[in-house]
$ cat entry-v4.cif   # mmCIF, C-alpha atoms and all ligand atoms
data_work
#
loop_
_atom_site.label_atom_id
_atom_site.label_comp_id
_atom_site.auth_asym_id
_atom_site.auth_seq_id
_atom_site.Cartn_x
_atom_site.Cartn_y
_atom_site.Cartn_z
CA MET A 29 -203.23 76.34 257.22
CA LYS A 30 -201.05 74.23 259.55
CA ASP A 31 -199.94 76.06 262.67
CA LYS A 32 -196.35 77.39 262.27
CA GLU A 33 -196.10 76.79 258.55
CA VAL A 34 -194.31 80.00 257.54
CA LEU A 35 -192.88 83.12 259.19
CA VAL A 36 -191.42 86.35 257.76
CA ILE A 37 -188.49 87.92 259.65
CA TYR A 38 -187.23 91.35 258.60
CA LYS A 39 -184.73 94.04 259.46
CA SER A 40 -185.55 97.47 258.15
CA LYS A 41 -183.94 100.75 259.13
CA TYR A 42 -186.12 103.18 257.21
CA GLY A 43 -189.20 101.07 256.47
CA ALA A 44 -188.75 99.87 252.86
CA THR A 45 -187.96 96.23 253.76
CA GLU A 46 -190.73 96.29 256.33
CA ARG A 47 -193.27 97.20 253.65
CA TYR A 48 -192.23 94.19 251.55
CA ALA A 49 -192.23 91.91 254.65
CA LYS A 50 -195.78 92.89 255.58
CA TRP A 51 -197.10 92.47 252.04
CA ILE A 52 -195.52 89.01 251.82
CA ALA A 53 -196.99 88.02 255.19
CA GLU A 54 -200.39 89.30 254.06
CA GLU A 55 -200.24 87.24 250.85
CA LEU A 56 -199.14 84.10 252.69
CA GLY A 57 -201.52 84.63 255.62
CA CYS A 58 -198.73 84.55 258.20
CA GLU A 59 -196.92 86.82 260.67
CA ALA A 60 -194.03 89.19 259.95
CA ILE A 61 -191.76 89.93 262.90
CA PRO A 62 -188.72 92.21 263.28
CA ALA A 63 -185.38 90.37 263.42
CA LYS A 64 -184.79 91.44 266.99
CA GLU A 65 -187.81 89.35 268.06
CA ALA A 66 -186.64 86.29 266.13
CA LYS A 67 -185.17 84.27 269.00
CA LEU A 68 -184.37 80.67 268.06
CA LYS A 69 -187.08 79.39 270.42
CA ARG A 70 -189.67 81.52 268.62
CA ILE A 71 -188.77 80.49 265.08
CA ARG A 72 -187.49 76.94 265.25
CA ASP A 73 -190.84 75.17 264.82
CA TYR A 74 -191.72 76.77 261.47
CA ASP A 75 -191.45 74.79 258.22
CA MET A 76 -190.48 77.85 256.20
CA LEU A 77 -188.61 81.02 257.18
CA ILE A 78 -188.44 84.09 254.95
CA PHE A 79 -185.73 86.59 255.90
CA GLY A 80 -185.78 90.13 254.51
CA GLY A 81 -183.11 92.76 255.02
CA GLY A 82 -182.19 96.21 253.75
CA LEU A 83 -178.81 96.47 252.03
CA TYR A 84 -176.15 98.46 253.85
CA ALA A 85 -172.63 98.67 252.42
CA GLY A 86 -172.83 95.24 250.85
CA THR A 87 -174.38 93.49 253.86
CA ILE A 88 -177.96 92.34 254.41
CA GLY A 89 -179.61 93.72 257.52
CA GLY A 90 -180.41 91.09 260.17
CA ILE A 91 -179.00 88.22 258.14
CA SER A 92 -176.95 86.86 261.06
CA LYS A 93 -180.29 85.65 262.45
CA LEU A 94 -180.09 83.09 259.66
CA THR A 95 -176.39 82.61 258.92
CA GLY A 96 -175.41 82.53 262.63
CA ARG A 97 -177.83 79.67 263.33
CA PHE A 98 -177.74 77.91 260.01
CA GLU A 99 -177.05 74.51 261.62
CA ASP A 100 -180.33 74.77 263.54
CA LEU A 101 -182.33 76.08 260.59
CA LYS A 102 -180.87 74.33 257.55
CA LYS A 103 -183.56 71.65 257.30
CA LYS A 104 -186.32 74.23 256.84
CA HIS A 105 -187.39 75.89 253.63
CA LEU A 106 -185.35 79.10 253.60
CA MET A 107 -185.84 82.27 251.59
CA VAL A 108 -184.01 85.56 251.65
CA PHE A 109 -185.09 88.81 250.06
CA THR A 110 -183.07 91.98 249.98
CA CYS A 111 -184.15 95.56 249.53
CA GLY A 112 -181.63 98.00 248.12
CA LEU A 113 -180.90 100.72 245.64
CA THR A 114 -178.86 98.51 243.35
CA GLU A 115 -180.96 97.61 240.32
CA PRO A 116 -182.34 94.04 240.90
CA GLY A 117 -181.20 93.06 237.39
CA ASP A 118 -177.56 93.80 238.23
CA ASN A 119 -176.45 90.17 238.34
CA GLY A 120 -172.80 91.01 238.97
CA TYR A 121 -173.64 92.95 242.13
CA TYR A 122 -176.06 90.37 243.52
CA THR A 123 -173.76 87.44 242.76
CA TYR A 124 -171.07 89.28 244.69
CA LEU A 125 -173.56 90.05 247.49
CA ILE A 126 -174.63 86.47 248.09
CA THR A 127 -171.10 85.09 247.71
CA ARG A 128 -169.97 87.57 250.32
CA ASN A 129 -172.80 86.94 252.78
CA PHE A 130 -173.41 83.18 252.48
CA THR A 131 -171.30 80.01 252.28
CA GLU A 132 -171.73 77.69 249.31
CA VAL A 133 -173.73 75.23 251.44
CA MET A 134 -176.06 78.05 252.48
CA ARG A 135 -176.44 79.31 248.92
CA LYS A 136 -177.59 75.87 247.81
CA ARG A 137 -180.29 75.73 250.47
CA ILE A 138 -181.66 79.28 250.17
CA HIS A 139 -183.96 80.85 247.56
CA PHE A 140 -182.94 84.47 246.90
CA PHE A 141 -185.01 87.44 245.73
CA PHE A 142 -183.86 91.04 245.21
CA PHE A 143 -186.29 93.97 245.46
CA PRO A 144 -185.75 97.67 244.76
CA GLY A 145 -185.66 99.95 247.79
CA ALA A 146 -186.19 103.57 248.71
CA ILE A 147 -184.22 106.48 250.03
CA ASP A 148 -185.24 109.80 251.51
CA LYS A 149 -182.38 112.17 252.25
CA ASP A 150 -184.45 113.98 254.90
CA LYS A 151 -185.02 110.80 256.91
CA LEU A 152 -181.44 109.51 256.96
CA SER A 153 -179.34 109.64 260.11
CA TRP A 154 -176.41 112.07 260.03
CA LEU A 155 -173.89 109.33 259.31
CA ASP A 156 -176.04 107.57 256.70
CA LYS A 157 -176.57 110.89 254.92
CA LYS A 158 -172.82 111.54 254.82
CA LEU A 159 -172.12 108.04 253.51
CA MET A 160 -174.86 108.13 250.90
CA THR A 161 -173.95 111.63 249.75
CA ALA A 162 -170.44 110.37 248.99
CA VAL A 163 -171.84 107.33 247.11
CA MET A 164 -174.32 109.45 245.19
CA LYS A 165 -171.68 112.03 244.26
CA SER A 166 -169.57 109.32 242.69
CA GLN A 167 -172.66 107.90 240.92
CA ALA A 168 -173.45 111.41 239.61
CA LYS A 169 -169.94 111.68 238.22
CA LYS A 170 -170.27 108.33 236.44
CA ASP A 171 -173.70 109.14 235.04
CA PRO A 172 -173.89 112.94 234.67
CA GLU A 173 -177.16 112.79 232.76
CA HIS A 174 -178.94 111.64 235.96
CA ALA A 175 -176.68 113.56 238.35
CA GLU A 176 -179.48 115.69 239.78
CA ASP A 177 -181.54 112.63 240.45
CA TYR A 178 -178.71 110.94 242.36
CA LEU A 179 -177.94 114.00 244.43
CA ALA A 180 -181.59 114.60 245.33
CA MET A 181 -181.62 111.21 247.12
CA LYS A 182 -185.36 110.91 247.09
CA HIS A 183 -186.50 107.71 245.42
CA ASP A 184 -189.19 105.25 246.31
CA LEU A 185 -189.07 102.20 244.09
CA VAL A 186 -190.82 99.93 246.57
CA ASP A 187 -193.79 98.25 244.91
CA ARG A 188 -196.00 95.34 245.90
CA LYS A 189 -195.76 93.90 242.38
CA TYR A 190 -192.16 92.76 243.04
CA ILE A 191 -193.12 90.21 245.70
CA GLY A 192 -195.04 88.05 243.16
CA SER A 193 -192.21 85.64 242.35
CA LEU A 194 -191.33 85.05 246.00
CA VAL A 195 -194.95 84.54 247.03
CA GLU A 196 -195.53 82.13 244.16
CA LYS A 197 -192.43 80.10 245.05
CA ALA A 198 -193.37 79.99 248.75
CA GLN A 199 -196.95 78.96 247.99
CA GLY A 200 -195.74 76.20 245.66
CA ILE A 201 -193.42 74.74 248.30
CA LEU A 202 -196.03 75.00 251.05
CA GLN A 203 -198.65 73.34 248.85
CA GLU A 204 -196.24 70.50 248.06
CA ASP A 205 -195.70 70.00 251.80
CA ARG A 206 -199.46 70.02 252.43
CA ASP A 207 -199.98 67.44 249.67
CA LYS A 208 -197.22 65.27 251.17
CA ARG A 209 -198.77 65.54 254.64
CA ALA A 210 -202.23 64.70 253.26
CA TYR A 211 -200.82 61.68 251.40
CA GLN A 212 -199.01 60.42 254.49
CA GLN A 213 -202.18 60.90 256.53
CA GLN A 214 -204.12 58.90 253.92
CA LEU A 215 -201.51 56.10 254.04
CA ARG A 216 -201.69 56.05 257.84
CA GLN A 217 -205.49 55.92 257.72
CA GLU A 218 -205.48 53.10 255.15
CA ALA A 219 -202.96 51.11 257.24
CA LEU A 220 -205.12 51.66 260.32
CA GLN A 221 -208.23 50.52 258.48
CA ARG A 222 -206.40 47.44 257.15
CA ALA A 223 -205.22 46.55 260.67
CA GLN A 224 -208.77 46.99 261.97
CA GLU A 225 -210.21 44.79 259.21
CA GLU A 226 -207.54 42.13 259.87
CA GLU A 227 -208.34 42.20 263.57
CA GLU A 228 -212.05 41.83 262.88
CA ALA A 229 -211.40 38.94 260.47
CA ALA A 230 -209.15 37.22 263.05
CA GLN A 231 -211.81 37.67 265.75
CA LYS A 232 -214.47 36.23 263.43
CA ALA A 233 -212.28 33.23 262.58
CA PHE A 234 -211.66 32.65 266.28
CA GLU A 235 -215.38 32.81 267.09
CA GLU A 236 -216.13 30.31 264.31
CA LYS A 237 -213.41 27.97 265.53
CA LYS A 238 -214.72 28.22 269.07
CA ALA A 239 -218.23 27.40 267.86
CA ARG A 240 -216.88 24.44 265.88
CA PHE A 241 -215.03 23.09 268.91
CA ALA A 242 -218.07 23.61 271.07
CA ALA A 243 -220.13 21.57 268.58
CA MET A 244 -217.43 18.89 268.53
CA ASP A 245 -217.35 18.81 272.34
CA GLN A 246 -221.12 18.40 272.39
CA ALA A 247 -220.98 15.52 269.88
CA GLU A 248 -218.18 13.83 271.88
CA PHE A 249 -220.19 14.22 275.07
CA GLU A 250 -223.25 12.66 273.48
CA ALA A 251 -221.19 9.75 272.13
CA ARG A 252 -219.64 9.08 275.56
CA LYS A 253 -223.05 9.24 277.19
CA ALA A 254 -224.34 6.76 274.65
CA ARG A 255 -221.38 4.43 275.29
CA ILE A 256 -221.87 4.56 279.08
CA LEU A 257 -225.59 3.92 278.77
CA ALA A 258 -224.94 1.06 276.39
CA LYS A 259 -222.46 -0.48 278.86
CA GLU A 260 -224.97 -0.10 281.70
CA ALA A 261 -227.64 -1.74 279.58
CA GLU A 262 -225.25 -4.64 278.80
CA LYS A 263 -224.47 -5.09 282.48
CA GLU A 264 -228.14 -5.14 283.42
CA LYS A 265 -228.82 -7.71 280.75
CA LYS A 266 -226.14 -10.04 282.14
CA GLU A 267 -227.53 -9.75 285.65
C1 LIG B 1 -175.63 104.03 254.52
C2 LIG B 1 -176.35 103.30 253.46
C3 LIG B 1 -175.72 102.27 252.78
C4 LIG B 1 -176.37 101.59 251.72
N1 LIG B 1 -175.72 100.61 251.07
C5 LIG B 1 -176.33 99.97 250.05
C6 LIG B 1 -175.70 98.91 249.33
O1 LIG B 1 -174.61 98.48 249.65
N2 LIG B 1 -176.33 98.37 248.28
C7 LIG B 1 -177.58 98.79 247.89
O2 LIG B 1 -178.10 98.25 246.90
N3 LIG B 1 -178.24 99.75 248.57
C8 LIG B 1 -177.65 100.36 249.63
N4 LIG B 1 -178.31 101.32 250.33
C9 LIG B 1 -179.70 101.62 250.01
C10 LIG B 1 -180.66 100.91 250.99
O3 LIG B 1 -180.47 99.54 250.90
C11 LIG B 1 -182.09 101.25 250.65
O4 LIG B 1 -182.30 102.58 251.05
C12 LIG B 1 -183.13 100.35 251.29
O5 LIG B 1 -184.39 100.69 250.82
C13 LIG B 1 -183.10 100.43 252.79
O6 LIG B 1 -184.03 99.56 253.33
P1 LIG B 1 -184.76 99.86 254.72
O7 LIG B 1 -185.56 101.12 254.54
O8 LIG B 1 -185.62 98.69 254.97
O9 LIG B 1 -183.68 100.01 255.77
C14 LIG B 1 -177.67 101.99 251.38
C15 LIG B 1 -178.31 103.01 252.08
C16 LIG B 1 -177.66 103.66 253.10
C17 LIG B 1 -178.38 104.75 253.83
#

$ encode --input "entry-v4.cif" --output "structure tokens" --more "lines below"
Ligand SMILES: Cc1cc2nc3c(=O)[nH]c(=O)nc-3n(C[C@H](O)[C@H](O)[C@H](O)COP(=O)(O)O)c2cc1C
Amino acid sequence: MKDKEVLVIYKSKYGATERYAKWIAEELGCEAIPAKEAKLKRIRDYDMLIFGGGLYAGTIGGISKLTGRFEDLKKKHLMVFTCGLTEPGDNGYYTYLITRNFTEVMRKRIHFFFFPGAIDKDKLSWLDKKLMTAVMKSQAKKDPEHAEDYLAMKHDLVDRKYIGSLVEKAQGILQEDRDKRAYQQQLRQEALQRAQEEEEAAQKAFEEKKARFAAMDQAEFEARKARILAKEAEKEKKE
């Protein structure tokens, strides 16, 4: 693999997004780093950047690391995955999410993937627990059949199987880049070989010309010598 081909950058508060990030990095054979370590200097040489963030009140954790520096990063291959409790098939929610978090130009350049997350009431901070309890209470009211489930706030829907589509897409793009690089390298090599062959042919032609001139010079020299000797002989005859 080319050095600095792909990098995964993630922001995870309770570890669900981090699990996905590390699985993706494992599959792609690359590094996964927390968003706080993703300084522009560290990430700008990669061909592909994959950002992952947990969903918090309709925002994607750490996403400013991409949106805030989009001008510097827009020529790369860009992917975003989210990790949240909203069902990944809820198109209305996710359309709203990406419209809210990305401009139209950004949306055209980025590949999006949505993965299911996890929640554990006992691990939440005081504020997060309060917020989520309110959300879950209203969910329980809307869907009384699963009320207990909502209020328990203990779900872990994180599963490695969900990363398949992202990994496949990333591998396809990276392979295309590798093929392009290999083709360009081949073209460069062929051009180099052609130039070398042309140079050798030119050198050969020059050597042949030189040899021809040398032969002509020799013939000319002999003819002059013969003329001089003939003149001398003529002179001697007259005397
Ligand atoms: C305070 C709070 C707000 C949340 N807001 C959303 C949300 O807007 N949409 C959503 O789908 N999930 C939401 N969730 C669920 C988290 O996205 C989910 O727990 C996710 O797995 C967290 O990822 P992390 O462990 O990597 O931080 C919220 C969770 C908490 C605690």

$ closest_atom_pairs --input "entry-v4.cif" --of "stretch 29-67 of chain A" --to "stretch 169-189 of chain A" --cutoff "8 Å" --atoms "only C-alpha atoms" --output "CSV"
residue,atom,partner,partner_atom,distance
A:Ala44,CA,A:Val186,CA,6.6
A:Arg47,CA,A:Val186,CA,8.0
A:Tyr48,CA,A:Arg188,CA,6.9
A:Trp51,CA,A:Arg188,CA,6.9

$ residues_near_ligand --input "entry-v4.cif" --ligand "ligand LIG 1 (chain B)" --cutoff "10 Å" --atoms "all atoms listed in the file" --output "MDAnalysis selection string"
chainID A and resid 38:49 80:89 110:116 118 121:122 125 142:149 151:163 181:186

$ atom_distance --input "entry-v4.cif" --atom1 "atom CA of A:Arg240" --atom2 "atom CA of A:Lys253"
19.9 Å

$ closest_residue --input "entry-v4.cif" --among "A:Lys238, A:Arg206, A:Arg252, A:Lys265" --to "A:Asp31" --atoms "all atoms listed in the file"
A:Arg206

$ closest_residue --input "entry-v4.cif" --among "A:Ile126, A:Ala230, A:Ala223, A:Ala60" --to "A:Leu77" --atoms "only C-alpha atoms"
A:Ala60

$ closest_residue --input "entry-v4.cif" --among "A:Ala233, A:Met76, A:Ile71, A:Met134" --to "A:Glu99" --atoms "only C-alpha atoms"
A:Met134

$ residues_near_point --input "entry-v4.cif" --point "(-172.1, 79.6, 255.1)" --cutoff "12 Å" --atoms "all atoms listed in the file" --output "list in words"
Ile91, Ser92, Leu94, Thr95, Gly96, Arg97, Phe98, Glu99, Lys102, Ile126, Thr127, Arg128, Asn129, Phe130, Thr131, Glu132, Val133, Met134, Arg135, Lys136, Arg137 and Ile138 of chain A

$ closest_residue --input "entry-v4.cif" --among "A:Ala258, A:Leu101, A:Val34, A:Leu106" --to "A:Lys69" --atoms "all atoms listed in the file"
A:Leu101

$ closest_residue --input "entry-v4.cif" --among "A:Lys67, A:Glu54, A:Leu194, A:Pro62" --to "A:Val108" --atoms "only C-alpha atoms"
A:Leu194

$ closest_residue --input "entry-v4.cif" --among "A:Ile201, A:Phe141, A:Ala242, A:Gln231" --to "A:Asn119" --atoms "all atoms listed in the file"
A:Phe141

$ axis_aligned_box --input "entry-v4.cif" --around "stretch 140-149 of chain A" --padding-each-side "5 Å" --output "JSON"
{"center_x": -184.3, "center_y": 98.3, "center_z": 248.5, "size_x": 13.9, "size_y": 37.7, "size_z": 17.5}

$ residues_around --input "entry-v4.cif" --residues "A:Lys30" --least-positions-apart "6" --cutoff "10 Å" --atoms "all atoms listed in the file" --output "PDB file with C-alpha atoms, in the frame of the given file"
ATOM      1  CA  TYR A  74    -191.720  76.770 261.470  1.00  0.00           C
ATOM      2  CA  ASP A  75    -191.450  74.790 258.220  1.00  0.00           C
ATOM      3  CA  LEU A 202    -196.030  75.000 251.050  1.00  0.00           C
ATOM      4  CA  ARG A 206    -199.460  70.020 252.430  1.00  0.00           C
TER       5      ARG A 206
END

$ atom_distance --input "entry-v4.cif" --atom1 "atom CA of A:Ala198" --atom2 "atom CA of A:Arg216"
26.9 Å

$ atom_distance --input "entry-v4.cif" --atom1 "atom CA of A:His139" --atom2 "atom CA of A:Lys104"
11.6 Å
